[in-house]
>>> print(open('model_10.pdb').read())   # PDB, C-alpha atoms, pLDDT in the B column
ATOM      1  CA  MET A   1      10.822  37.926  -1.898  1.00 51.00           C
ATOM      2  CA  ARG A   2       9.974  35.874  -4.977  1.00 58.00           C
ATOM      3  CA  ASN A   3      12.623  37.715  -6.997  1.00 87.00           C
ATOM      4  CA  GLU A   4      15.170  36.866  -4.316  1.00 90.00           C
ATOM      5  CA  ALA A   5      14.168  33.192  -4.479  1.00 92.00           C
ATOM      6  CA  GLU A   6      14.565  33.232  -8.243  1.00 93.00           C
ATOM      7  CA  ARG A   7      17.944  34.944  -7.935  1.00 93.00           C
ATOM      8  CA  CYS A   8      19.170  32.225  -5.571  1.00 94.00           C
ATOM      9  CA  PHE A   9      17.758  29.591  -7.908  1.00 94.00           C
ATOM     10  CA  GLU A  10      19.569  31.011 -10.934  1.00 94.00           C
ATOM     11  CA  GLU A  11      22.732  31.227  -8.880  1.00 94.00           C
ATOM     12  CA  GLY A  12      22.346  27.586  -7.908  1.00 94.00           C
ATOM     13  CA  LEU A  13      21.996  26.536 -11.550  1.00 95.00           C
ATOM     14  CA  VAL A  14      25.255  28.289 -12.409  1.00 95.00           C
ATOM     15  CA  TYR A  15      27.032  26.513  -9.566  1.00 94.00           C
ATOM     16  CA  ILE A  16      25.680  23.142 -10.773  1.00 94.00           C
ATOM     17  CA  GLU A  17      27.034  23.819 -14.275  1.00 94.00           C
ATOM     18  CA  GLN A  18      30.395  24.668 -12.716  1.00 94.00           C
ATOM     19  CA  GLU A  19      30.217  21.454 -10.646  1.00 93.00           C
ATOM     20  CA  GLU A  20      30.434  23.484  -7.439  1.00 95.00           C
ATOM     21  CA  TYR A  21      27.777  21.411  -5.720  1.00 94.00           C
ATOM     22  CA  ASN A  22      28.229  22.685  -2.166  1.00 95.00           C
ATOM     23  CA  SER A  23      27.708  26.262  -3.343  1.00 95.00           C
ATOM     24  CA  ALA A  24      24.752  25.130  -5.467  1.00 95.00           C
ATOM     25  CA  ILE A  25      23.160  23.446  -2.462  1.00 96.00           C
ATOM     26  CA  SER A  26      23.662  26.581  -0.358  1.00 95.00           C
ATOM     27  CA  SER A  27      21.973  28.806  -2.963  1.00 95.00           C
ATOM     28  CA  LEU A  28      19.108  26.402  -3.686  1.00 96.00           C
ATOM     29  CA  CYS A  29      18.453  25.884   0.021  1.00 96.00           C
ATOM     30  CA  LYS A  30      18.002  29.656   0.307  1.00 95.00           C
ATOM     31  CA  ALA A  31      15.603  29.581  -2.636  1.00 95.00           C
ATOM     32  CA  VAL A  32      13.310  26.940  -1.063  1.00 95.00           C
ATOM     33  CA  GLU A  33      13.567  28.610   2.346  1.00 94.00           C
ATOM     34  CA  ILE A  34      12.224  31.835   0.813  1.00 94.00           C
ATOM     35  CA  ASN A  35       9.656  30.019  -1.325  1.00 94.00           C
ATOM     36  CA  PRO A  36       8.846  26.525   0.029  1.00 94.00           C
ATOM     37  CA  ASN A  37       6.582  25.846  -3.006  1.00 94.00           C
ATOM     38  CA  PHE A  38       9.349  26.434  -5.535  1.00 94.00           C
ATOM     39  CA  PHE A  39       9.152  23.096  -7.369  1.00 94.00           C
ATOM     40  CA  GLU A  40      12.070  23.647  -9.742  1.00 94.00           C
ATOM     41  CA  ALA A  41      14.358  24.680  -6.880  1.00 95.00           C
ATOM     42  CA  TRP A  42      13.532  21.492  -4.948  1.00 96.00           C
ATOM     43  CA  PHE A  43      14.156  19.433  -8.067  1.00 94.00           C
ATOM     44  CA  ARG A  44      17.537  21.068  -8.785  1.00 95.00           C
ATOM     45  CA  LEU A  45      18.504  20.775  -5.132  1.00 95.00           C
ATOM     46  CA  GLY A  46      17.852  17.047  -5.430  1.00 95.00           C
ATOM     47  CA  VAL A  47      20.056  16.986  -8.535  1.00 94.00           C
ATOM     48  CA  ALA A  48      22.893  18.703  -6.649  1.00 95.00           C
ATOM     49  CA  TYR A  49      22.669  16.203  -3.781  1.00 95.00           C
ATOM     50  CA  LYS A  50      22.568  13.327  -6.281  1.00 94.00           C
ATOM     51  CA  TYR A  51      25.782  14.548  -7.915  1.00 94.00           C
ATOM     52  CA  LYS A  52      27.328  14.440  -4.446  1.00 94.00           C
ATOM     53  CA  ARG A  53      25.963  10.876  -4.038  1.00 95.00           C
ATOM     54  CA  ASP A  54      23.945  11.965  -1.033  1.00 95.00           C
ATOM     55  CA  TYR A  55      20.888   9.994  -2.140  1.00 95.00           C
ATOM     56  CA  GLU A  56      19.004  10.300   1.139  1.00 94.00           C
ATOM     57  CA  LYS A  57      18.911  14.116   0.925  1.00 95.00           C
ATOM     58  CA  ALA A  58      18.274  13.961  -2.815  1.00 95.00           C
ATOM     59  CA  LEU A  59      15.290  11.721  -2.118  1.00 95.00           C
ATOM     60  CA  ILE A  60      13.890  14.133   0.483  1.00 94.00           C
ATOM     61  CA  CYS A  61      14.152  17.010  -2.012  1.00 95.00           C
ATOM     62  CA  ASN A  62      12.554  15.025  -4.826  1.00 94.00           C
ATOM     63  CA  ILE A  63       9.634  13.954  -2.646  1.00 94.00           C
ATOM     64  CA  LYS A  64       9.145  17.599  -1.594  1.00 94.00           C
ATOM     65  CA  GLY A  65       9.023  18.479  -5.282  1.00 94.00           C
ATOM     66  CA  TRP A  66       6.547  15.675  -6.000  1.00 94.00           C
ATOM     67  CA  GLU A  67       4.256  16.888  -3.202  1.00 93.00           C
ATOM     68  CA  ILE A  68       4.192  20.319  -4.867  1.00 94.00           C
ATOM     69  CA  ASN A  69       3.679  19.029  -8.414  1.00 91.00           C
ATOM     70  CA  GLN A  70       2.450  15.444  -8.620  1.00 87.00           C
ATOM     71  CA  ASN A  71       2.067  15.666 -12.394  1.00 84.00           C
ATOM     72  CA  SER A  72       5.786  16.169 -12.910  1.00 83.00           C
ATOM     73  CA  PRO A  73       8.109  13.390 -14.140  1.00 86.00           C
ATOM     74  CA  ILE A  74      10.068  13.629 -10.879  1.00 90.00           C
ATOM     75  CA  GLU A  75       8.862  10.119  -9.918  1.00 90.00           C
ATOM     76  CA  ASN A  76      11.720   8.695 -12.004  1.00 90.00           C
ATOM     77  CA  ASP A  77      14.270  10.612  -9.919  1.00 92.00           C
ATOM     78  CA  ILE A  78      12.621   9.385  -6.731  1.00 94.00           C
ATOM     79  CA  PHE A  79      12.887   5.743  -7.754  1.00 93.00           C
ATOM     80  CA  GLU A  80      16.432   6.298  -8.954  1.00 93.00           C
ATOM     81  CA  CYS A  81      17.336   7.464  -5.438  1.00 94.00           C
ATOM     82  CA  TYR A  82      15.555   4.504  -3.842  1.00 95.00           C
ATOM     83  CA  ASN A  83      17.373   2.088  -6.133  1.00 93.00           C
ATOM     84  CA  GLU A  84      20.735   3.704  -5.407  1.00 94.00           C
ATOM     85  CA  LEU A  85      20.099   3.419  -1.659  1.00 95.00           C
ATOM     86  CA  ILE A  86      19.065  -0.221  -2.029  1.00 94.00           C
ATOM     87  CA  GLU A  87      22.191  -0.940  -4.061  1.00 92.00           C
ATOM     88  CA  LEU A  88      24.290   0.597  -1.285  1.00 92.00           C
ATOM     89  CA  ASN A  89      22.518  -1.502   1.369  1.00 92.00           C
ATOM     90  CA  SER A  90      19.898  -3.998   0.234  1.00 91.00           C
ATOM     91  CA  LYS A  91      19.106  -4.862   3.873  1.00 91.00           C
ATOM     92  CA  ASN A  92      18.068  -1.338   4.794  1.00 92.00           C
ATOM     93  CA  PHE A  93      14.450  -2.033   5.762  1.00 93.00           C
ATOM     94  CA  LYS A  94      13.641   1.685   6.058  1.00 92.00           C
ATOM     95  CA  VAL A  95      14.334   2.242   2.365  1.00 94.00           C
ATOM     96  CA  TRP A  96      12.073  -0.667   1.342  1.00 96.00           C
ATOM     97  CA  TYR A  97       9.377   0.518   3.751  1.00 95.00           C
ATOM     98  CA  LYS A  98       9.448   4.120   2.526  1.00 94.00           C
ATOM     99  CA  MET A  99       9.527   2.990  -1.085  1.00 95.00           C
ATOM    100  CA  GLY A 100       6.412   0.899  -0.422  1.00 96.00           C
ATOM    101  CA  ASP A 101       4.694   3.948   1.040  1.00 95.00           C
ATOM    102  CA  PHE A 102       5.545   6.040  -2.012  1.00 94.00           C
ATOM    103  CA  GLN A 103       4.459   3.300  -4.412  1.00 95.00           C
ATOM    104  CA  SER A 104       1.112   3.177  -2.593  1.00 95.00           C
ATOM    105  CA  LYS A 105       0.745   6.951  -2.876  1.00 92.00           C
ATOM    106  CA  ILE A 106       1.109   6.860  -6.648  1.00 91.00           C
ATOM    107  CA  GLY A 107      -1.117   3.795  -7.087  1.00 91.00           C
ATOM    108  CA  MET A 108       1.587   1.159  -7.683  1.00 93.00           C
ATOM    109  CA  TYR A 109      -0.097  -1.158  -5.181  1.00 94.00           C
ATOM    110  CA  GLU A 110       1.335  -4.466  -6.396  1.00 94.00           C
ATOM    111  CA  LYS A 111       4.863  -3.034  -6.281  1.00 95.00           C
ATOM    112  CA  ALA A 112       4.117  -1.621  -2.832  1.00 96.00           C
ATOM    113  CA  ILE A 113       3.127  -5.101  -1.610  1.00 96.00           C
ATOM    114  CA  GLU A 114       6.461  -6.436  -2.881  1.00 96.00           C
ATOM    115  CA  SER A 115       8.332  -3.657  -1.041  1.00 96.00           C
ATOM    116  CA  TYR A 116       6.412  -4.316   2.180  1.00 96.00           C
ATOM    117  CA  ASP A 117       7.187  -8.041   1.838  1.00 96.00           C
ATOM    118  CA  ARG A 118      10.902  -7.237   1.527  1.00 95.00           C
ATOM    119  CA  THR A 119      10.642  -5.028   4.614  1.00 95.00           C
ATOM    120  CA  ILE A 120       8.972  -7.803   6.613  1.00 95.00           C
ATOM    121  CA  ASP A 121      11.501 -10.380   5.413  1.00 94.00           C
ATOM    122  CA  ILE A 122      14.491  -8.198   6.385  1.00 94.00           C
ATOM    123  CA  LEU A 123      13.066  -7.480   9.839  1.00 92.00           C
ATOM    124  CA  ARG A 124      12.306 -11.154  10.482  1.00 90.00           C
ATOM    125  CA  ARG A 125      15.775 -12.272   9.409  1.00 89.00           C
ATOM    126  CA  SER A 126      17.384  -9.661  11.654  1.00 87.00           C
ATOM    127  CA  ASN A 127      15.294 -10.756  14.665  1.00 81.00           C
ATOM    128  CA  SER A 128      14.289  -7.134  15.044  1.00 79.00           C
ATOM    129  CA  SER A 129      12.143  -6.093  17.996  1.00 75.00           C
ATOM    130  CA  ILE A 130      10.257  -3.654  15.750  1.00 84.00           C
ATOM    131  CA  LYS A 131       6.569  -4.544  15.579  1.00 85.00           C
ATOM    132  CA  LEU A 132       5.411  -5.431  12.081  1.00 92.00           C
ATOM    133  CA  ASN A 133       1.727  -4.634  12.583  1.00 93.00           C
ATOM    134  CA  LYS A 134       1.882  -1.258  10.809  1.00 94.00           C
ATOM    135  CA  ILE A 135       3.527  -2.806   7.764  1.00 96.00           C
ATOM    136  CA  HIS A 136       0.901  -5.572   7.594  1.00 96.00           C
ATOM    137  CA  THR A 137      -1.857  -2.959   7.825  1.00 96.00           C
ATOM    138  CA  LYS A 138      -0.381  -0.913   4.964  1.00 96.00           C
ATOM    139  CA  LYS A 139       0.028  -4.102   2.969  1.00 96.00           C
ATOM    140  CA  GLY A 140      -3.649  -4.857   3.636  1.00 95.00           C
ATOM    141  CA  ILE A 141      -4.656  -1.438   2.325  1.00 95.00           C
ATOM    142  CA  ALA A 142      -2.657  -2.089  -0.850  1.00 95.00           C
ATOM    143  CA  PHE A 143      -4.394  -5.468  -1.304  1.00 93.00           C
ATOM    144  CA  TYR A 144      -7.758  -3.751  -0.812  1.00 92.00           C
ATOM    145  CA  ASN A 145      -6.946  -1.239  -3.541  1.00 92.00           C
ATOM    146  CA  ILE A 146      -6.303  -3.993  -6.101  1.00 90.00           C
ATOM    147  CA  GLY A 147      -9.451  -5.878  -5.093  1.00 85.00           C
ATOM    148  CA  GLU A 148      -7.765  -8.697  -3.156  1.00 87.00           C
ATOM    149  CA  LEU A 149     -10.183  -8.469  -0.246  1.00 85.00           C
ATOM    150  CA  ASP A 150      -9.416 -11.851   1.327  1.00 84.00           C
ATOM    151  CA  SER A 151      -5.710 -10.989   1.375  1.00 90.00           C
ATOM    152  CA  ALA A 152      -6.512  -7.580   2.851  1.00 92.00           C
ATOM    153  CA  ILE A 153      -8.423  -9.148   5.764  1.00 90.00           C
ATOM    154  CA  ASN A 154      -5.592 -11.634   6.298  1.00 91.00           C
ATOM    155  CA  CYS A 155      -3.141  -8.749   6.596  1.00 95.00           C
ATOM    156  CA  TYR A 156      -5.350  -6.920   9.109  1.00 94.00           C
ATOM    157  CA  ASN A 157      -5.681 -10.157  11.101  1.00 93.00           C
ATOM    158  CA  ARG A 158      -1.906 -10.580  11.073  1.00 93.00           C
ATOM    159  CA  ALA A 159      -1.456  -7.016  12.319  1.00 95.00           C
ATOM    160  CA  LEU A 160      -3.870  -7.672  15.183  1.00 93.00           C
ATOM    161  CA  GLU A 161      -2.110 -10.927  16.058  1.00 93.00           C
ATOM    162  CA  ILE A 162       1.102  -8.939  16.478  1.00 92.00           C
ATOM    163  CA  ASP A 163      -0.572  -6.133  18.422  1.00 92.00           C
ATOM    164  CA  SER A 164      -4.165  -6.613  19.546  1.00 91.00           C
ATOM    165  CA  THR A 165      -4.336  -2.914  20.508  1.00 92.00           C
ATOM    166  CA  ASP A 166      -3.702  -1.759  16.918  1.00 92.00           C
ATOM    167  CA  ASP A 167      -6.762   0.465  16.461  1.00 93.00           C
ATOM    168  CA  ILE A 168      -5.858   1.309  12.853  1.00 94.00           C
ATOM    169  CA  ALA A 169      -5.782  -2.339  11.741  1.00 94.00           C
ATOM    170  CA  ARG A 170      -9.017  -2.997  13.624  1.00 93.00           C
ATOM    171  CA  LYS A 171     -10.666   0.029  12.008  1.00 93.00           C
ATOM    172  CA  TYR A 172      -9.764  -1.075   8.467  1.00 93.00           C
ATOM    173  CA  LYS A 173     -10.823  -4.642   9.164  1.00 92.00           C
ATOM    174  CA  ILE A 174     -14.219  -3.614  10.573  1.00 90.00           C
ATOM    175  CA  GLU A 175     -14.816  -1.209   7.666  1.00 89.00           C
ATOM    176  CA  LEU A 176     -14.016  -3.941   5.142  1.00 87.00           C
ATOM    177  CA  LEU A 177     -16.216  -6.509   6.880  1.00 84.00           C
ATOM    178  CA  LYS A 178     -19.061  -3.986   6.970  1.00 80.00           C
ATOM    179  CA  GLU A 179     -18.538  -3.322   3.282  1.00 78.00           C
ATOM    180  CA  LEU A 180     -18.827  -7.048   2.624  1.00 72.00           C
ATOM    181  CA  LYS A 181     -22.306  -6.990   4.209  1.00 67.00           C
ATOM    182  CA  LYS A 182     -23.835  -4.105   2.269  1.00 60.00           C
ATOM    183  CA  LYS A 183     -25.260  -5.717  -0.838  1.00 46.00           C
ATOM    184  CA  LYS A 184     -28.348  -7.846  -0.325  1.00 45.00           C
ATOM    185  CA  ARG A 185     -28.619  -9.762  -3.608  1.00 45.00           C
ATOM    186  CA  CYS A 186     -26.236 -11.351  -6.060  1.00 47.00           C
ATOM    187  CA  SER A 187     -26.128  -9.462  -9.363  1.00 46.00           C
ATOM    188  CA  LYS A 188     -25.617 -12.775 -11.191  1.00 46.00           C
ATOM    189  CA  CYS A 189     -28.370 -14.997  -9.786  1.00 47.00           C
ATOM    190  CA  GLY A 190     -30.473 -12.726  -7.557  1.00 47.00           C
ATOM    191  CA  ALA A 191     -29.936 -14.909  -4.480  1.00 46.00           C
ATOM    192  CA  PRO A 192     -30.106 -13.140  -1.098  1.00 44.00           C
ATOM    193  CA  LEU A 193     -26.706 -12.262   0.275  1.00 47.00           C
ATOM    194  CA  ASN A 194     -25.513 -11.479   3.767  1.00 46.00           C
ATOM    195  CA  PHE A 195     -22.188 -10.121   2.545  1.00 40.00           C
ATOM    196  CA  LYS A 196     -20.928  -8.346  -0.538  1.00 38.00           C
ATOM    197  CA  VAL A 197     -21.724  -8.999  -3.413  1.00 34.00           C
ATOM    198  CA  GLY A 198     -21.853 -10.115  -6.954  1.00 35.00           C
ATOM    199  CA  GLN A 199     -19.534  -7.204  -7.707  1.00 38.00           C
ATOM    200  CA  LEU A 200     -16.377  -7.184  -9.758  1.00 38.00           C
ATOM    201  CA  VAL A 201     -13.439  -6.030  -7.656  1.00 38.00           C
ATOM    202  CA  GLY A 202     -10.286  -5.942  -9.717  1.00 41.00           C
ATOM    203  CA  LYS A 203     -10.330  -9.226 -11.633  1.00 41.00           C
ATOM    204  CA  ARG A 204     -12.250 -11.191  -9.018  1.00 41.00           C
ATOM    205  CA  LEU A 205     -15.998 -11.711  -8.544  1.00 39.00           C
ATOM    206  CA  TYR A 206     -17.057 -11.876  -4.898  1.00 42.00           C
ATOM    207  CA  VAL A 207     -20.339 -13.732  -4.317  1.00 46.00           C
ATOM    208  CA  ILE A 208     -20.868 -14.813  -0.707  1.00 46.00           C
ATOM    209  CA  MET A 209     -24.204 -16.412   0.105  1.00 47.00           C
ATOM    210  CA  ASP A 210     -26.306 -15.993   3.175  1.00 51.00           C
ATOM    211  CA  ILE A 211     -25.765 -18.974   5.487  1.00 52.00           C
ATOM    212  CA  ASP A 212     -29.418 -20.046   5.317  1.00 54.00           C
ATOM    213  CA  ASP A 213     -29.389 -20.099   1.508  1.00 53.00           C
ATOM    214  CA  LEU A 214     -26.093 -21.924   1.616  1.00 54.00           C
ATOM    215  CA  ARG A 215     -27.563 -24.636   3.871  1.00 57.00           C
ATOM    216  CA  PHE A 216     -30.487 -25.042   1.440  1.00 54.00           C
ATOM    217  CA  LEU A 217     -28.092 -25.605  -1.461  1.00 54.00           C
ATOM    218  CA  MET A 218     -26.027 -27.996   0.638  1.00 56.00           C
ATOM    219  CA  LEU A 219     -29.085 -30.122   1.410  1.00 59.00           C
ATOM    220  CA  LYS A 220     -30.121 -30.043  -2.234  1.00 55.00           C
ATOM    221  CA  VAL A 221     -26.709 -31.289  -3.338  1.00 53.00           C
ATOM    222  CA  LYS A 222     -26.590 -33.923  -0.592  1.00 56.00           C
ATOM    223  CA  SER A 223     -30.016 -35.305  -1.492  1.00 54.00           C
ATOM    224  CA  THR A 224     -28.776 -36.199  -4.979  1.00 51.00           C
ATOM    225  CA  VAL A 225     -26.021 -38.407  -3.572  1.00 46.00           C
ATOM    226  CA  ASP A 226     -26.748 -42.025  -2.601  1.00 48.00           C
ATOM    227  CA  SER A 227     -23.772 -42.951  -0.433  1.00 49.00           C
ATOM    228  CA  LYS A 228     -21.173 -40.326   0.442  1.00 54.00           C
ATOM    229  CA  PRO A 229     -21.342 -36.520   0.174  1.00 55.00           C
ATOM    230  CA  SER A 230     -20.254 -35.120  -3.166  1.00 58.00           C
ATOM    231  CA  TYR A 231     -17.345 -32.803  -3.823  1.00 58.00           C
ATOM    232  CA  GLU A 232     -19.805 -29.909  -4.145  1.00 57.00           C
ATOM    233  CA  TYR A 233     -21.310 -30.691  -0.762  1.00 61.00           C
ATOM    234  CA  GLU A 234     -17.897 -30.742   0.916  1.00 66.00           C
ATOM    235  CA  LYS A 235     -17.043 -27.469  -0.803  1.00 63.00           C
ATOM    236  CA  PHE A 236     -20.253 -25.897   0.526  1.00 62.00           C
ATOM    237  CA  LYS A 237     -19.386 -27.116   4.018  1.00 66.00           C
ATOM    238  CA  LYS A 238     -16.007 -25.397   3.902  1.00 67.00           C
ATOM    239  CA  ILE A 239     -17.580 -22.171   2.644  1.00 63.00           C
ATOM    240  CA  GLU A 240     -20.155 -22.317   5.438  1.00 62.00           C
ATOM    241  CA  GLU A 241     -17.468 -22.761   8.117  1.00 66.00           C
ATOM    242  CA  LYS A 242     -15.342 -19.938   6.723  1.00 61.00           C
ATOM    243  CA  TYR A 243     -18.094 -17.363   6.434  1.00 57.00           C
ATOM    244  CA  LYS A 244     -19.812 -18.288   9.656  1.00 59.00           C
ATOM    245  CA  LYS A 245     -16.516 -17.293  11.280  1.00 58.00           C
ATOM    246  CA  ILE A 246     -16.536 -13.958   9.447  1.00 49.00           C
ATOM    247  CA  ASN A 247     -20.167 -13.425  10.402  1.00 52.00           C
ATOM    248  CA  ASP A 248     -19.310 -13.987  14.091  1.00 53.00           C
ATOM    249  CA  GLU A 249     -16.465 -11.446  13.852  1.00 47.00           C
ATOM    250  CA  VAL A 250     -18.741  -8.836  12.297  1.00 42.00           C
ATOM    251  CA  TYR A 251     -21.290  -9.154  15.075  1.00 40.00           C
TER
END
>>> encode(input="model_10.pdb", output="structure tokens")
Amino acid sequence: MRNEAERCFEEGLVYIEQEEYNSAISSLCKAVEINPNFFEAWFRLGVAYKYKRDYEKALICNIKGWEINQNSPIENDIFECYNELIELNSKNFKVWYKMGDFQSKIGMYEKAIESYDRTIDILRRSNSSIKLNKIHTKKGIAFYNIGELDSAINCYNRALEIDSTDDIARKYKIELLKELKKKKRCSKCGAPLNFKVGQLVGKRLYVIMDIDDLRFLMLKVKSTVDSKPSYEYEKFKKIEEKYKKINDEVY
């Protein structure tokens, strides 16, 4: 069976060289039908579709190839297909959405966030009835992976505002809020913490104090001021209000 797959593959290559793309597609389709894990056949099938300017089918073939061999340079062909499809119709939200998914898969989280933003923008402008909660959740996951935890929670909240029954968004939000509670002391100053953490996440340091310790610092700052509360005191007040709200949501 493998020899037959290779025979069809070789036949397909000859047809590509002869620019007989329909025949090439027929032969290469037989090759991947016989051997679904035939990476090179999927790749060449994508090439044949690309020569025919059928970028949607070329994209499907390239992604199949990437799933088989994620260390291959086929990512460039995948993005080439996405870009061609966007050039043909820049308002095709499905292309932006799927590109965001692929960018997330390969760890291009910041690019994925941009693609999800374009998807959301297109759907809003078109007054689409499609619910955006899933896109906001995926955007939140991307933010989480680059250490933007506040932005991640905001995305999960937005998803739940759109659809309060979204169990996936709720699950990710609860898991993140629980994660923010795990560490008990700040690695910088040793102060007790109710949330995470004194830990570097991406380029940001998250240190969230326990409310009781926060109140103590607030009183200490206030006692040094004769007339009106200082800037630091007002800042502490805002932090207290924000994280009391998070604490209520966790419990």
>>> resolve_selection(input="model_10.pdb", expression="the PyMOL selection byres ((chain A and resi 49-51) around 10)", output="PyMOL selection string")
chain A and resi 16+19+21-22+24-25+44-48+52-61+77+80-81+84
>>> closest_residue(input="model_10.pdb", among="A:Lys91, A:Met108, A:Asn3, A:Gly147", to="A:Arg125", atoms="only C-alpha atoms")
A:Lys91
>>> residues_around(input="model_10.pdb", residues="stretch 63-75 of chain A", least_positions_apart="6", cutoff="7 Å", atoms="all atoms listed in the file", output="PyMOL selection string")
chain A and resi 37+39+42-43
>>> closest_residue(input="model_10.pdb", among="A:Thr165, A:Gln18, A:Asn35, A:Ser126", to="A:Ala5", atoms="all atoms listed in the file")
A:Asn35
>>> resolve_selection(input="model_10.pdb", expression="the PyMOL selection byres ((chain A and resi 112) around 10)", output="MDAnalysis selection string")
chainID A and resid 96:111 113:118 138:139 142:143
>>> write_last_selection(input="model_10.pdb", atoms="C-alpha atoms", output="compact mmCIF listing (two decimals), keeping the file's coordinate frame")
# COMPACT_ATOMS: atom_id res chain seq x y z
CA TRP A 96 12.07 -0.67 1.34
CA TYR A 97 9.38 0.52 3.75
CA LYS A 98 9.45 4.12 2.53
CA MET A 99 9.53 2.99 -1.08
CA GLY A 100 6.41 0.90 -0.42
CA ASP A 101 4.69 3.95 1.04
CA PHE A 102 5.54 6.04 -2.01
CA GLN A 103 4.46 3.30 -4.41
CA SER A 104 1.11 3.18 -2.59
CA LYS A 105 0.74 6.95 -2.88
CA ILE A 106 1.11 6.86 -6.65
CA GLY A 107 -1.12 3.80 -7.09
CA MET A 108 1.59 1.16 -7.68
CA TYR A 109 -0.10 -1.16 -5.18
CA GLU A 110 1.34 -4.47 -6.40
CA LYS A 111 4.86 -3.03 -6.28
CA ILE A 113 3.13 -5.10 -1.61
CA GLU A 114 6.46 -6.44 -2.88
CA SER A 115 8.33 -3.66 -1.04
CA TYR A 116 6.41 -4.32 2.18
CA ASP A 117 7.19 -8.04 1.84
CA ARG A 118 10.90 -7.24 1.53
CA LYS A 138 -0.38 -0.91 4.96
CA LYS A 139 0.03 -4.10 2.97
CA ALA A 142 -2.66 -2.09 -0.85
CA PHE A 143 -4.39 -5.47 -1.30
>>> axis_aligned_box(input="model_10.pdb", around="stretch 8-22 of chain A", padding_each_side="6 Å", output="lines of an AutoDock Vina configuration file")
center_x = 24.1
center_y = 26.8
center_z = -8.2
size_x = 24.7
size_y = 22.8
size_z = 24.1
>>> atom_distance(input="model_10.pdb", atom1="atom CA of A:Asp163", atom2="atom CA of A:Asn89")
29.1 Å
>>> closest_residue(input="model_10.pdb", among="A:Leu160, A:Glu4, A:Asp166, A:Phe93", to="A:Ile130", atoms="only C-alpha atoms")
A:Phe93
